[in-house]
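See structure below.
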Amino acid sequence: MAAVIAENLTITYEGKPAVEGVDFLLEEGETLLLLGPNGAGKTTLLKTIACFHREYSGELRVFDRPPCDARELIGYVPQSSNLNEKVPLTALEVVAMGGIYRRGFAHFKMPREVVEKAAEVLGFVGLSGFESRLFRELSGGQKQRVLLARALISDPKLLLLDEPLSALDPSARVEVANVLERIKGERNITMIITTHDINPLIELGDRVMLLNRRLVAFGRPEEVLRDSIIKSVYGPLARVVPVEGRLFCITGDAHLHEHGGGGL
Ligand SMILES: Nc1ncnc2c1ncn2[C@@H]1O[C@H](COP(=O)(O)OP(=O)(O)OP(=O)(O)O)[C@@H](O)[C@H]1O
């Protein structure tokens, strides 16, 4: 079954288009890397698939349902954690919150099965033993893994990740990319990952979308990551370089410099 189908999808904010006329089909179990410069509409597309933003025209189906009827199938990891770090939550509590909200009611005392599931997914992201550590005291990579666990606790069929590696140092990027590889390898979860820097994630991508308000390209990585396509968005200095059988994408995107990422 297709996990996500978009046909002539146009997404607007108060009538002004942010994403226009997009068509694509992502099969269940595939990982899509969603690439594009600042303001290209990546977050907008992700939020619309997650039913956080509803102003769109055209067709958008998630597991053959309108996005807002598929919410229990979707896990979302936002660009910044949206947690108030003044509240001293433990890693386990942060993860368990994903399980409690899913049930549609708040508990003062967490049900045992939620605590057990939270500990299990913390183990899956490599954080066994961190249950009672304060979230705010964790490193950037550990926090991002806790947020991944928070999204995984409800067993989503579709996981949407907005810039999961941005704001992380290089070793934390590797940590988080390894967990994403583990999710792809061991769970049949469809993933859509937005990124400015495709290089640390390239091996994960079954499909790559290059978005610049309109769909520039969608296909297998080797179909999309071509000099002519990359230059059409990022300018004449951008290029794709094969290194030891892998493709590296040099976009020179301003955001990459900002985060010290893989752009040159
Ligand atoms: N809440 C909003 N109201 C009005 N316009 C918005 C809103 N959110 C985003 N936009 C506009 O929609 C366009 C796409 O923004 P979006 O954040 O989706 O891009 P992006 O590709 O995720 O960018 P970045 O890489 O910088 O995060 C931009 O022109 C932005 O100003």
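Naming scheme: A, B, ... for chains in displayed order of the structure tokens; residues 1 onward per chain; ligands 1 onward as shown.
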Please return as a ChimeraX atom specification the residues found within 8 Å of ligand 1, counting only C-alpha atoms and all ligand atoms. /A:12-14,16-19,36-45,194-196,211-213,255
Taking only residues of stretch 3-119 of chain A that have an atom at most 10 Å from an atom of stretch 217-228 of chain A, what is each one's shortest atom pair and its distance in Å to one decimal, using only C-alpha atoms, in chain and number order, as a Markdown table?
| residue | atom | partner | partner_atom | distance |
| --- | --- | --- | --- | --- |
| A:Asp23 | CA | A:Phe218 | CA | 8.9 |
| A:Phe24 | CA | A:Phe218 | CA | 7.2 |
| A:Leu25 | CA | A:Phe218 | CA | 9.3 |
| A:Leu26 | CA | A:Gly219 | CA | 9.8 |
| A:Leu32 | CA | A:Gly219 | CA | 9.3 |
| A:Leu33 | CA | A:Pro221 | CA | 8.9 |
| A:Leu34 | CA | A:Phe218 | CA | 9.2 |
| A:Leu35 | CA | A:Ala217 | CA | 9.9 |
All helix (DSSP H, G or I) residues (DSSP, backbone) inside stretch 22-259 of chain A, as number ranges by chain: A: 42-49, 67-69, 71-73, 91-102, 112-124, 135-137, 140-152, 170-186, 199-204, 221-224, 227-234, 254-258
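Between atom CA of A:Leu165 and atom CA of A:Glu20 lies a distance of 26.5 Å.
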If I take atom CA of A:Val62 and atom CA of A:Val208, how far is one from the other in Å, to one decimal? 18.3 Å
Quick one: residues within 7 Å of stretch 131-137 of chain A, only C-alpha atoms counted, chain neighbours fewer than 6 positions away excluded, as an NGL selection string? :A and (85 or 88-92 or 119 or 143)
When you look at A:Leu46 with a cut-off of 10 Å (counting only C-alpha atoms), what residues show up, excluding the ones that are within fewer than 6 positions of it in the same chain? I need them as a compact mmCIF listing (two decimals) with C-alpha atoms, in the first residue's frame.
# COMPACT_ATOMS: atom_id res chain seq x y z
CA LEU A 34 13.18 15.78 1.73
CA PHE A 52 -0.98 20.13 11.99
CA HIS A 53 -1.71 22.40 9.03
CA TYR A 76 6.21 13.47 14.48
CA PRO A 78 9.61 18.49 15.45
CA LEU A 160 7.98 12.41 10.16
CA LEU A 161 11.25 14.02 11.22
CA ASP A 162 11.98 17.71 10.77
CA ILE A 192 10.03 11.27 5.80
CA ILE A 193 13.08 13.21 6.93
CA THR A 194 13.63 16.87 6.06
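When only C-alpha atoms are used to compute distances to A:Thr190, the closest of the residues A:Pro111, A:Pro164, A:Gly75, A:Gly123 turns out to be A:Gly75.
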Please list as a ChimeraX atom specification every residue within 8 Å of A:Asp64, counting only C-alpha atoms and excluding residues in the same chain fewer than 2 positions away. /A:2-5,61-62,66
Writing out the chosen residues with N, CA and C atoms as a compact mmCIF listing (two decimals), in the first residue's frame:
# COMPACT_ATOMS: atom_id res chain seq x y z
N ALA A 2 0.38 2.31 -0.66
CA ALA A 2 1.13 3.57 -0.60
C ALA A 2 0.98 4.17 0.80
N ALA A 3 2.08 4.67 1.34
CA ALA A 3 2.01 5.33 2.65
C ALA A 3 1.50 6.76 2.48
N VAL A 4 2.02 7.45 1.47
CA VAL A 4 1.60 8.84 1.23
C VAL A 4 1.45 9.05 -0.28
N ILE A 5 0.32 9.63 -0.65
CA ILE A 5 0.12 10.02 -2.06
C ILE A 5 -0.27 11.50 -2.08
N ARG A 61 -3.25 11.80 0.68
CA ARG A 61 -3.75 10.62 1.39
C ARG A 61 -2.60 9.99 2.16
N VAL A 62 -2.89 9.58 3.40
CA VAL A 62 -1.90 8.90 4.24
C VAL A 62 -2.49 7.53 4.56
N PRO A 66 -7.54 10.61 4.51
CA PRO A 66 -7.14 12.01 4.65
C PRO A 66 -6.21 12.12 5.86
Which residue out of A:Glu113, A:Asp206, A:Glu175, A:Asp155 has the minimum interatomic distance to A:Ile74 when only C-alpha atoms are used? A:Asp155
Surrounding residues of A:Gly140 excluding itself and chain neighbours under 3 positions, 7 Å, only C-alpha atoms, as a list of chain:residue names: A:Lys143, A:Gln144, A:Leu168, A:Ala172
Write the residues of the selection above to a file with N, CA and C atoms, as a PDB file, in the first residue's frame.
ATOM      1  N   LYS A 143      19.235  13.937  23.735  1.00  0.00           N
ATOM      2  CA  LYS A 143      17.887  14.540  23.709  1.00  0.00           C
ATOM      3  C   LYS A 143      17.145  14.138  22.437  1.00  0.00           C
ATOM      4  N   GLN A 144      17.847  14.228  21.313  1.00  0.00           N
ATOM      5  CA  GLN A 144      17.189  13.894  20.044  1.00  0.00           C
ATOM      6  C   GLN A 144      16.759  12.425  20.035  1.00  0.00           C
ATOM      7  N   LEU A 168      23.139  19.691  15.847  1.00  0.00           N
ATOM      8  CA  LEU A 168      23.936  18.664  16.553  1.00  0.00           C
ATOM      9  C   LEU A 168      25.382  18.736  16.088  1.00  0.00           C
ATOM     10  N   ALA A 172      27.307  13.665  17.484  1.00  0.00           N
ATOM     11  CA  ALA A 172      25.892  13.452  17.799  1.00  0.00           C
ATOM     12  C   ALA A 172      25.096  13.143  16.529  1.00  0.00           C
TER      13      ALA A 172
END
What's the 9 Å shell around A:Cys51, counting only C-alpha atoms, without same-chain residues fewer than 6 positions away, as an MDAnalysis selection string? chainID A and resid 66:71
Taking the DSSP assignment computed from this structure's backbone, write out as a list in words all residues of stretch 55-207 of chain A that belong to strand (DSSP E or B). Tyr56, Ser57, Gly58, Glu59, Leu60, Arg61, Val62, Arg65, Ile74, Gly75, Tyr76, Val77, Thr90, Leu134, Leu158, Leu159, Leu160, Leu161, Asp162, Thr190, Met191, Ile192, Ile193, Thr194, Thr195 and Arg207 of chain A
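The interatomic distance for the pair atom CA of A:Leu147 and atom CA of A:Arg207 works out to 24.0 Å.
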